[in-house]
>>> print(open('query23.txt').read())   # compact mmCIF, C-alpha atoms and all ligand atoms
# COMPACT_ATOMS: atom_id res chain seq x y z
CA MET J 26 0.00 0.00 0.00
CA LYS J 27 1.26 3.47 -0.85
CA ILE J 28 0.27 7.02 0.05
CA THR J 29 -0.86 8.80 -3.10
CA ASN J 30 -2.03 12.13 -1.72
CA LEU J 31 -2.43 14.40 1.29
CA LYS J 32 -5.34 16.83 1.13
CA CYS J 33 -6.93 19.51 3.32
CA MET J 34 -10.07 21.60 3.40
CA VAL J 35 -11.53 24.26 5.66
CA ILE J 36 -15.12 24.18 6.85
CA SER J 37 -16.05 27.81 6.64
CA ASP J 38 -18.11 28.77 9.65
CA LEU J 39 -16.21 26.42 11.96
CA HIS J 40 -12.73 27.40 10.68
CA ALA J 41 -12.06 23.68 11.03
CA LEU J 42 -9.13 22.25 9.09
CA LEU J 43 -9.74 18.66 8.02
CA VAL J 44 -7.02 16.39 6.66
CA ARG J 45 -7.24 13.30 4.45
CA ILE J 46 -4.50 10.91 3.35
CA ASP J 47 -5.31 8.81 0.26
CA THR J 48 -3.77 5.53 -0.82
CA ASP J 49 -3.46 3.47 -4.00
CA GLU J 50 -5.87 0.89 -2.54
CA GLY J 51 -8.76 3.31 -2.21
CA ILE J 52 -8.58 3.48 1.60
CA SER J 53 -8.30 6.97 3.08
CA GLY J 54 -7.49 8.22 6.56
CA LEU J 55 -9.18 11.21 8.19
CA ALA J 56 -7.93 13.66 10.80
CA GLN J 57 -8.54 17.16 12.09
CA VAL J 58 -6.11 19.88 13.11
CA GLU J 59 -6.46 21.04 16.74
CA ALA J 60 -8.43 24.21 17.48
CA SER J 61 -11.12 25.73 15.36
CA LYS J 62 -9.16 28.89 14.63
CA HIS J 63 -6.12 27.16 13.16
CA SER J 64 -7.19 26.98 9.51
CA TYR J 65 -4.09 29.11 8.74
CA LEU J 66 -2.12 25.88 9.16
CA LYS J 67 -3.37 24.49 5.83
CA PRO J 68 -0.10 25.23 3.97
CA HIS J 69 1.80 23.80 6.96
CA VAL J 70 -0.05 20.46 6.69
CA LEU J 71 0.51 20.35 2.93
CA TYR J 72 4.23 21.06 3.43
CA TYR J 73 4.65 17.49 4.73
CA LYS J 74 3.13 15.91 1.62
CA ARG J 75 6.49 15.70 -0.18
CA TYR J 76 7.92 13.61 2.67
CA ILE J 77 5.19 10.99 2.95
CA LEU J 78 4.13 10.31 -0.66
CA GLU J 79 4.85 6.76 -1.87
CA GLN J 80 5.31 5.53 1.72
CA ASP J 81 3.33 2.59 3.16
CA PRO J 82 0.88 4.31 5.58
CA THR J 83 0.48 1.15 7.67
CA ASN J 84 4.12 1.44 8.74
CA VAL J 85 3.03 4.39 10.86
CA GLU J 86 6.27 4.82 12.78
CA ARG J 87 8.44 4.66 9.66
CA VAL J 88 6.38 7.45 8.06
CA MET J 89 6.48 9.51 11.25
CA LEU J 90 10.27 9.29 11.40
CA ARG J 91 10.30 11.30 8.18
CA ILE J 92 8.34 14.26 9.55
CA ARG J 93 8.35 14.19 13.37
CA ARG J 94 11.39 16.43 13.77
CA LEU J 95 9.71 19.06 11.56
CA GLY J 96 7.21 20.08 14.23
CA ALA J 97 7.21 21.97 17.53
CA PHE J 98 5.07 22.99 20.51
CA LYS J 99 1.48 24.19 19.85
CA PRO J 100 0.36 25.13 17.28
CA TRP J 101 3.30 23.84 15.21
CA GLY J 102 2.89 20.21 16.24
CA SER J 103 -0.75 19.95 15.26
CA SER J 104 -0.09 19.31 11.55
CA VAL J 105 2.27 16.42 12.31
CA SER J 106 -0.22 15.10 14.88
CA ALA J 107 -3.08 15.18 12.35
CA ILE J 108 -1.02 13.20 9.84
CA GLU J 109 -0.19 10.59 12.50
CA MET J 110 -3.86 10.10 13.33
CA ALA J 111 -4.86 9.83 9.65
CA LEU J 112 -2.20 7.11 9.25
CA TRP J 113 -3.66 5.14 12.19
CA ASP J 114 -7.13 5.49 10.64
CA ILE J 115 -5.79 3.90 7.43
CA ALA J 116 -3.95 1.19 9.36
CA GLY J 117 -7.11 0.27 11.27
CA LYS J 118 -9.33 0.27 8.19
CA THR J 119 -6.78 -1.84 6.29
CA ALA J 120 -6.64 -4.42 9.08
CA GLY J 121 -10.43 -4.21 9.56
CA VAL J 122 -10.03 -3.43 13.28
CA PRO J 123 -10.54 -0.40 15.52
CA VAL J 124 -7.34 1.56 16.15
CA TYR J 125 -7.20 0.55 19.82
CA ARG J 126 -6.49 -3.04 18.73
CA LEU J 127 -3.33 -1.84 16.96
CA LEU J 128 -2.18 0.08 20.05
CA GLY J 129 -2.15 -3.06 22.20
CA GLY J 130 -5.85 -3.53 22.86
CA LYS J 131 -8.36 -2.09 25.30
CA VAL J 132 -7.71 -1.66 29.00
CA ARG J 133 -11.30 -0.40 29.43
CA ASP J 134 -14.59 -0.73 27.48
CA LYS J 135 -15.70 2.80 28.28
CA VAL J 136 -13.57 5.89 28.86
CA ARG J 137 -14.20 8.59 31.44
CA VAL J 138 -14.42 12.12 30.08
CA TYR J 139 -14.51 15.45 31.83
CA ASN J 140 -16.40 18.59 30.91
CA GLY J 141 -14.05 21.53 30.43
CA GLY J 142 -16.47 23.78 28.57
CA ASP J 143 -16.43 26.89 30.75
CA MET J 144 -16.55 29.20 27.75
CA PRO J 145 -18.98 31.47 25.96
CA TYR J 146 -19.09 29.01 23.03
CA SER J 147 -19.60 26.02 25.28
CA PRO J 148 -21.88 23.41 23.67
CA SER J 149 -23.79 23.35 26.91
CA GLY J 150 -25.14 26.75 25.92
CA LEU J 151 -24.56 27.83 29.49
CA ARG J 152 -22.68 31.02 29.75
CA ARG J 153 -20.94 32.37 32.79
CA GLU J 154 -21.85 36.02 32.97
CA GLY J 155 -18.82 37.35 34.81
CA THR J 156 -16.12 36.45 37.28
CA SER J 157 -17.73 37.21 40.63
CA PRO J 158 -18.22 34.40 43.18
CA GLU J 159 -21.98 34.64 42.45
CA ASP J 160 -21.35 34.17 38.72
CA TYR J 161 -19.29 31.06 39.40
CA TYR J 162 -21.85 29.73 41.87
CA ASN J 163 -24.74 30.22 39.42
CA HIS J 164 -22.81 28.75 36.51
CA ALA J 165 -21.77 25.69 38.52
CA SER J 166 -25.32 25.14 39.73
CA GLU J 167 -26.52 25.11 36.10
CA ARG J 168 -23.65 23.11 34.61
CA LYS J 169 -24.09 20.47 37.29
CA LYS J 170 -27.48 19.66 35.74
CA LEU J 171 -26.04 19.02 32.25
CA PRO J 172 -26.98 15.69 30.69
CA GLY J 173 -24.16 13.15 30.56
CA GLY J 174 -23.61 12.69 34.28
CA PHE J 175 -20.16 14.25 34.24
CA THR J 176 -18.08 13.34 37.29
CA ILE J 177 -15.44 16.02 36.65
CA MET J 178 -15.88 19.62 35.45
CA LYS J 179 -13.32 22.35 34.89
CA TRP J 180 -13.49 26.13 35.24
CA GLY J 181 -11.11 28.89 34.23
CA ILE J 182 -9.92 31.18 37.02
CA GLY J 183 -7.23 33.81 37.49
CA PHE J 184 -5.06 34.29 34.44
CA HIS J 185 -7.06 31.68 32.52
CA SER J 186 -10.17 33.84 32.60
CA THR J 187 -11.20 37.44 32.17
CA MET J 188 -10.83 37.79 35.95
CA ALA J 189 -7.25 39.02 35.56
CA SER J 190 -8.32 41.91 33.30
CA THR J 191 -11.76 42.76 34.72
CA PHE J 192 -11.23 42.57 38.47
CA PRO J 193 -9.85 45.99 39.51
CA GLU J 194 -6.11 45.76 40.18
CA TYR J 195 -6.05 41.98 40.11
CA HIS J 196 -2.29 41.95 39.79
CA TYR J 197 0.76 44.23 39.72
CA GLY J 198 1.80 43.37 36.14
CA GLU J 199 1.05 45.11 32.84
CA GLN J 200 -2.22 44.72 30.99
CA PRO J 201 -1.53 43.13 27.59
CA LEU J 202 -1.39 45.42 24.56
CA PRO J 203 -3.61 44.59 21.58
CA PRO J 204 -3.62 42.48 19.52
CA THR J 205 -3.98 39.82 22.19
CA GLN J 206 -4.77 36.84 19.95
CA PRO J 207 -4.33 33.94 19.76
CA TYR J 208 -4.10 33.97 23.50
CA LEU J 209 -4.62 36.67 26.06
CA TYR J 210 -1.45 36.39 28.11
CA GLN J 211 -1.00 38.32 31.33
CA THR J 212 1.36 37.81 34.19
CA GLY J 213 2.17 39.55 37.43
CA LEU J 214 2.23 39.15 41.16
CA THR J 215 -1.39 39.16 42.33
CA THR J 216 -2.64 41.77 44.74
CA GLU J 217 -3.98 40.51 48.06
CA ARG J 218 -7.48 41.46 46.88
CA GLY J 219 -6.94 39.57 43.62
CA LEU J 220 -5.81 36.44 45.42
CA LYS J 221 -8.67 36.63 47.95
CA HIS J 222 -11.15 37.07 45.09
CA THR J 223 -9.79 33.99 43.30
CA ILE J 224 -10.12 31.88 46.44
CA ALA J 225 -13.67 33.17 47.02
CA CYS J 226 -14.63 32.13 43.48
CA VAL J 227 -13.29 28.61 43.98
CA LYS J 228 -15.15 28.33 47.30
CA ALA J 229 -18.34 29.38 45.46
CA LEU J 230 -17.78 26.66 42.86
CA LYS J 231 -17.32 24.06 45.59
CA GLU J 232 -20.41 25.27 47.36
CA ALA J 233 -22.46 24.62 44.23
CA LEU J 234 -20.82 21.33 43.27
CA GLY J 235 -20.41 19.76 46.69
CA ASP J 236 -18.50 16.50 46.51
CA GLU J 237 -20.69 15.08 43.74
CA VAL J 238 -18.64 16.51 40.87
CA GLY J 239 -14.85 16.74 40.92
CA LEU J 240 -13.63 20.32 40.44
CA ALA J 241 -10.65 21.00 38.16
CA LEU J 242 -9.31 24.52 37.66
CA ASP J 243 -7.51 25.97 34.65
CA CYS J 244 -5.43 28.81 36.06
CA GLY J 245 -3.00 30.28 33.56
CA PRO J 246 -0.31 30.48 32.41
CA GLY J 247 0.76 33.62 34.23
CA TRP J 248 1.09 32.96 37.98
CA LYS J 249 4.26 33.97 39.74
CA VAL J 250 5.79 31.25 41.92
CA PRO J 251 4.92 32.69 45.38
CA ASP J 252 1.29 33.22 44.32
CA ALA J 253 1.05 29.78 42.73
CA ILE J 254 2.15 28.28 46.05
CA ARG J 255 -0.16 30.51 48.11
CA LEU J 256 -3.17 29.66 45.93
CA ALA J 257 -2.44 25.93 45.93
CA LYS J 258 -2.01 25.87 49.71
CA ALA J 259 -5.13 27.98 50.33
CA LEU J 260 -7.19 25.55 48.25
CA GLU J 261 -5.90 22.43 50.04
CA PRO J 262 -9.02 22.03 52.27
CA LEU J 263 -11.26 22.13 49.16
CA ASN J 264 -9.87 18.94 47.57
CA VAL J 265 -9.83 20.30 44.02
CA MET J 266 -8.80 17.71 41.41
CA TRP J 267 -6.02 19.81 39.93
CA LEU J 268 -4.66 23.29 39.23
CA GLU J 269 -3.75 23.47 35.54
CA ASP J 270 -1.06 25.51 33.79
CA MET J 271 -0.14 27.91 36.58
CA ILE J 272 3.41 28.57 35.37
CA THR J 273 3.56 27.57 31.69
CA GLY J 274 0.69 26.37 29.50
CA ASP J 275 -1.21 27.13 26.34
CA TYR J 276 1.13 28.51 23.61
CA THR J 277 4.19 28.40 25.89
CA PRO J 278 7.05 26.84 23.89
CA TYR J 279 8.94 25.51 26.95
CA THR J 280 8.13 23.63 30.19
CA LEU J 281 10.20 24.99 33.17
CA PRO J 282 10.35 21.68 35.13
CA ASP J 283 12.37 23.06 38.06
CA ILE J 284 9.90 25.87 38.71
CA TYR J 285 6.93 23.50 38.48
CA ARG J 286 8.71 21.15 40.90
CA THR J 287 9.04 23.95 43.45
CA VAL J 288 5.30 24.59 43.30
CA THR J 289 4.27 20.92 43.29
CA GLN J 290 6.47 20.00 46.25
CA SER J 291 5.06 22.83 48.33
CA THR J 292 1.44 21.68 48.30
CA SER J 293 -0.89 18.69 48.49
CA THR J 294 -3.13 20.22 45.79
CA PRO J 295 -2.41 18.31 42.55
CA ILE J 296 -0.57 20.35 39.89
CA HIS J 297 -1.27 19.72 36.18
CA THR J 298 0.23 20.89 32.88
CA GLY J 299 1.08 19.82 29.33
CA GLU J 300 -1.60 20.67 26.73
CA GLN J 301 0.79 22.55 24.41
CA ILE J 302 3.77 20.19 24.69
CA TYR J 303 5.16 18.41 21.64
CA LEU J 304 6.64 14.89 21.79
CA ARG J 305 7.75 12.59 24.62
CA GLN J 306 11.00 14.55 24.87
CA GLY J 307 8.94 17.65 25.65
CA PHE J 308 7.55 15.84 28.71
CA GLN J 309 10.81 14.23 29.75
CA GLY J 310 11.96 16.86 32.27
CA LEU J 311 8.54 17.27 33.87
CA ILE J 312 8.16 13.51 34.32
CA GLU J 313 11.67 12.57 35.40
CA LYS J 314 11.87 15.43 37.91
CA HIS J 315 8.37 14.71 39.25
CA SER J 316 7.57 18.33 38.48
CA VAL J 317 3.80 17.84 38.33
CA ASP J 318 1.24 15.35 39.65
CA ILE J 319 -0.82 15.14 36.45
CA ILE J 320 0.05 15.68 32.79
CA GLY J 321 -2.41 16.71 30.10
CA PRO J 322 -1.03 16.05 26.61
CA ASP J 323 -3.38 16.66 23.68
CA PRO J 324 -3.19 13.98 20.96
CA CYS J 325 -3.70 16.74 18.39
CA ASP J 326 -0.60 18.64 19.61
CA VAL J 327 1.75 16.11 21.21
CA GLY J 328 2.49 14.32 17.93
CA GLY J 329 -0.45 11.92 17.73
CA ILE J 330 -2.06 9.07 19.62
CA MET J 331 0.91 6.70 19.80
CA GLU J 332 3.05 9.56 21.10
CA LEU J 333 0.42 10.26 23.75
CA LYS J 334 0.37 6.59 24.77
CA TRP J 335 4.14 6.57 25.09
CA VAL J 336 4.06 9.67 27.33
CA ALA J 337 1.27 8.11 29.45
CA GLU J 338 3.25 4.90 30.02
CA TYR J 339 6.40 6.83 30.94
CA ALA J 340 4.42 9.05 33.34
CA ASP J 341 2.87 5.95 34.95
CA MET J 342 6.34 4.57 35.66
CA HIS J 343 7.02 7.78 37.60
CA GLY J 344 3.79 7.84 39.60
CA ILE J 345 2.29 10.66 37.52
CA LEU J 346 -1.36 10.69 36.44
CA ILE J 347 -2.77 11.67 33.04
CA ALA J 348 -5.85 13.68 32.02
CA PRO J 349 -5.49 14.41 28.28
CA HIS J 350 -6.51 17.82 26.91
CA GLY J 351 -8.99 17.98 24.04
CA ILE J 352 -11.33 20.99 24.10
CA GLY J 353 -10.48 22.07 20.51
CA ASP J 354 -10.02 18.66 18.92
CA GLY J 355 -13.42 18.51 17.19
CA PRO J 356 -15.35 15.33 16.35
CA ILE J 357 -12.48 13.57 14.58
CA GLY J 358 -10.12 14.38 17.44
CA LEU J 359 -12.78 13.05 19.81
CA ALA J 360 -12.78 9.75 17.94
CA ALA J 361 -8.99 9.60 18.29
CA LEU J 362 -9.15 10.46 22.01
CA ILE J 363 -11.60 7.62 22.62
CA GLN J 364 -9.42 5.08 20.79
CA VAL J 365 -6.19 5.97 22.56
CA SER J 366 -7.73 6.52 26.00
CA ALA J 367 -9.13 2.98 25.90
CA THR J 368 -5.53 1.72 25.82
CA LEU J 369 -3.85 3.96 28.41
CA PRO J 370 -2.40 2.55 31.64
CA GLN J 371 -4.13 2.86 34.99
CA ASN J 372 -2.80 6.34 35.68
CA TYR J 373 -5.62 7.51 33.38
CA ILE J 374 -8.19 9.86 34.95
CA ALA J 375 -10.33 11.25 32.11
CA PHE J 376 -9.93 13.20 28.88
CA GLU J 377 -11.39 16.62 28.20
CA LEU J 378 -14.48 16.29 26.01
CA PRO J 379 -14.00 18.34 22.81
CA ASN J 380 -16.47 21.15 22.24
CA VAL J 381 -18.59 19.54 19.54
CA GLY J 382 -21.91 21.31 19.47
CA ALA J 383 -24.90 21.46 17.16
CA GLU J 384 -22.78 23.29 14.56
CA TRP J 385 -21.34 19.88 13.63
CA ASP J 386 -24.76 18.21 13.25
CA GLY J 387 -24.97 16.22 10.04
CA LEU J 388 -21.31 16.70 9.06
CA VAL J 389 -19.84 13.53 10.54
CA LYS J 390 -21.03 9.95 10.77
CA GLY J 391 -19.94 7.44 13.38
CA LEU J 392 -20.12 9.37 16.64
CA PRO J 393 -23.32 8.74 18.55
CA LYS J 394 -25.13 11.86 19.65
CA ASN J 395 -25.23 12.40 23.41
CA ALA J 396 -22.56 9.73 23.75
CA VAL J 397 -21.69 10.59 27.36
CA LYS J 398 -23.52 8.48 29.94
CA ASP J 399 -22.71 8.66 33.67
CA GLY J 400 -19.52 10.50 32.70
CA PHE J 401 -18.29 7.80 30.28
CA ILE J 402 -18.21 7.15 26.52
CA GLU J 403 -18.35 3.59 25.23
CA VAL J 404 -15.46 2.60 22.97
CA PRO J 405 -16.79 1.85 19.46
CA ASP J 406 -15.65 -1.18 17.46
CA LYS J 407 -15.74 0.17 13.90
CA PRO J 408 -12.54 -0.15 11.83
CA GLY J 409 -10.00 2.67 12.12
CA MET J 410 -11.12 5.70 14.11
CA GLY J 411 -14.71 4.78 13.21
CA ILE J 412 -15.68 8.14 11.79
CA GLU J 413 -16.66 9.35 8.31
CA LEU J 414 -17.68 12.64 6.77
CA ASN J 415 -21.06 13.32 5.25
CA GLU J 416 -19.70 14.62 1.95
CA GLN J 417 -22.84 16.35 0.73
CA ALA J 418 -23.34 18.23 3.97
CA VAL J 419 -19.67 19.21 4.21
CA ARG J 420 -19.62 20.52 0.62
CA LYS J 421 -22.32 23.04 1.53
CA ARG J 422 -20.27 24.40 4.43
CA LEU J 423 -16.86 24.79 2.77
CA LYS J 424 -15.03 28.09 2.94
CA GLU J 425 -15.28 30.17 -0.24
CA GLY J 426 -12.69 29.01 -2.74
CA GLU J 427 -12.32 25.60 -1.07
CA THR J 428 -13.27 22.35 -2.78
CA TYR J 429 -14.03 18.99 -1.17
CA PHE J 430 -10.53 17.73 -0.37
CA ASP J 431 -9.20 19.68 -3.36
CA SER J 432 -11.31 17.60 -5.77
MG MG O 1 -5.87 24.23 29.76
>>> encode(input="query23.txt", output="structure tokens")
Amino acid sequence: MKITNLKCMVISDLHALLVRIDTDEGISGLAQVEASKHSYLKPHVLYYKRYILEQDPTNVERVMLRIRRLGAFKPWGSSVSAIEMALWDIAGKTAGVPVYRLLGGKVRDKVRVYNGGDMPYSPSGLRREGTSPEDYYNHASERKKLPGGFTIMKWGIGFHSTMASTFPEYHYGEQPLPPTQPYLYQTGLTTERGLKHTIACVKALKEALGDEVGLALDCGPGWKVPDAIRLAKALEPLNVMWLEDMITGDYTPYTLPDIYRTVTQSTSTPIHTGEQIYLRQGFQGLIEKHSVDIIGPDPCDVGGIMELKWVAEYADMHGILIAPHGIGDGPIGLAALIQVSATLPQNYIAFELPNVGAEWDGLVKGLPKNAVKDGFIEVPDKPGMGIELNEQAVRKRLKEGETYFDS
């Protein structure tokens, strides 16, 4: 079997970049580039075509050796990751088995997911109005009632929310200058009022959730070390599941393992990071130095699903847990997350359910609607990743000037 083409297309209103690898045997593999606003990566995905043409896609690792070094931390690892997942889709379809069988088989028949959708575009349709303790309390009370029976939910606080820019004098640092995309980054020592406000918001969340739903918090990046320690210690009585990305995080092209280790060793509150990190080597320092309690690689950024599995196994050997990131992975990324999470070792907690709302209705086949029951998704048994596009529906939604996979 040989790779004959690598194609991309952008679904207009979703800004979603879809990838397809074709072969001489008529079997194709599908994937999706992480994050809905990353359609600018189309030429980046196509750049790799020259290196993978004529290769046997079922020798996944041999193909990946040709392109893996040509990627980097988010967003520059997402193109390589998408190609890896499309190759596994082909390998599974060719063998007539779901991808998990090729990764060593299932450890679990259903995978736990967590709800991280504390955003205006959340598929829950529930919007948090502001960043007061009352806003958090009301939002948590509503989100708790969401269908799916989620056992873990995540909220953004501090520098991972508008709190840092809307609460008066939240911190002593500079306000970011426009343009602030793709990520609003702020940093600074927090004021006492800012820190107290943050703690009050977390207490309000706990008040609403009780101990029925585990509370995870996405915090940064942006915290200074003394504040990170003070916040983590102050929250110790609340038993939060983890504090995510306090030091480095989204769009940070390095990991600072020694600084994370200082924070983690100072508190019993679990510390989490890793969504932007590329490759096992990117995680090496954090894992070997026991710098965090939980890692959160995203299969669509780390270099693909096999790379994620390797990182998970290595973390497990070091007593570190894993809760993969996935909010922007879309429906095809969701399919990949299910396949790989079924195979992960027993340091697995849950993966973050991608934001796949009604805007995707009718575009993909293979993912059951309302798939989350009691906080879990059942692992499907269809060949490959088990997902297909509805070509006619997709054609109607393509960005102007785009054709269906360049055809
Ligand atoms: Mg995060």
>>> closest_atom_pairs(input="query23.txt", of="chain J", to="ligand MG 1 (chain O)", cutoff="9 Å", atoms="only C-alpha atoms and all ligand atoms", output="Markdown table")
| residue | atom | partner | partner_atom | distance |
| --- | --- | --- | --- | --- |
| J:Gly141 | CA | O:MG1 | MG | 8.6 |
| J:Gly181 | CA | O:MG1 | MG | 8.3 |
| J:His185 | CA | O:MG1 | MG | 8.0 |
| J:Leu242 | CA | O:MG1 | MG | 8.6 |
| J:Asp243 | CA | O:MG1 | MG | 5.4 |
| J:Cys244 | CA | O:MG1 | MG | 7.8 |
| J:Gly245 | CA | O:MG1 | MG | 7.7 |
| J:Pro246 | CA | O:MG1 | MG | 8.8 |
| J:Glu269 | CA | O:MG1 | MG | 6.2 |
| J:Asp270 | CA | O:MG1 | MG | 6.4 |
| J:Gly274 | CA | O:MG1 | MG | 6.9 |
| J:Asp275 | CA | O:MG1 | MG | 6.5 |
| J:Thr298 | CA | O:MG1 | MG | 7.6 |
| J:Gly299 | CA | O:MG1 | MG | 8.2 |
| J:Glu300 | CA | O:MG1 | MG | 6.3 |
| J:Gln301 | CA | O:MG1 | MG | 8.7 |
| J:Gly321 | CA | O:MG1 | MG | 8.3 |
| J:His350 | CA | O:MG1 | MG | 7.0 |
| J:Ile352 | CA | O:MG1 | MG | 8.5 |
>>> residues_around(input="query23.txt", residues="range 329-345 of chain J", least_positions_apart="3", cutoff="10 Å", atoms="all atoms listed in the file", output="PyMOL selection string")
chain J and resi 85-86+89+102-113+124-125+127-128+297+303-309+311-326+348-349+358+361-362+364-366+368-373
>>> closest_residue(input="query23.txt", among="J:Ala253, J:Trp267, J:Phe192, J:Glu261", to="Leu346 in chain J", atoms="all atoms listed in the file")
J:Trp267
>>> atom_distance(input="query23.txt", atom1="CA of Lys170 in chain J", atom2="CA of Lys398 in chain J")
13.2 Å
>>> atom_distance(input="query23.txt", atom1="CA of Lys421 in chain J", atom2="CA of Leu55 in chain J")
18.9 Å
>>> atom_distance(input="query23.txt", atom1="CA of Glu416 in chain J", atom2="CA of Leu31 in chain J")
17.3 Å
>>> closest_residue(input="query23.txt", among="J:Arg420, J:His222, J:His69, J:Arg152", to="Ile182 in chain J", atoms="only C-alpha atoms")
J:His222
>>> residues_around(input="query23.txt", residues="Leu260 in chain J", least_positions_apart="6", cutoff="10 Å", atoms="all atoms listed in the file", output="PyMOL selection string")
chain J and resi 224+227-228+254+268+292-294
>>> residues_around(input="query23.txt", residues="Ala120 in chain J", least_positions_apart="6", cutoff="10 Å", atoms="all atoms listed in the file", output="tab-separated table (two decimals) with C-alpha atoms, in the coordinates of the input")
chain	number	residue	atom	x	y	z
J	83	THR	CA	0.48	1.15	7.67
J	126	ARG	CA	-6.49	-3.04	18.73
J	127	LEU	CA	-3.33	-1.84	16.96
J	408	PRO	CA	-12.54	-0.15	11.83
J	409	GLY	CA	-10.00	2.67	12.12
>>> closest_residue(input="query23.txt", among="J:Pro251, J:Pro158, J:Gly173, J:Gly96", to="Glu232 in chain J", atoms="all atoms listed in the file")
J:Pro158
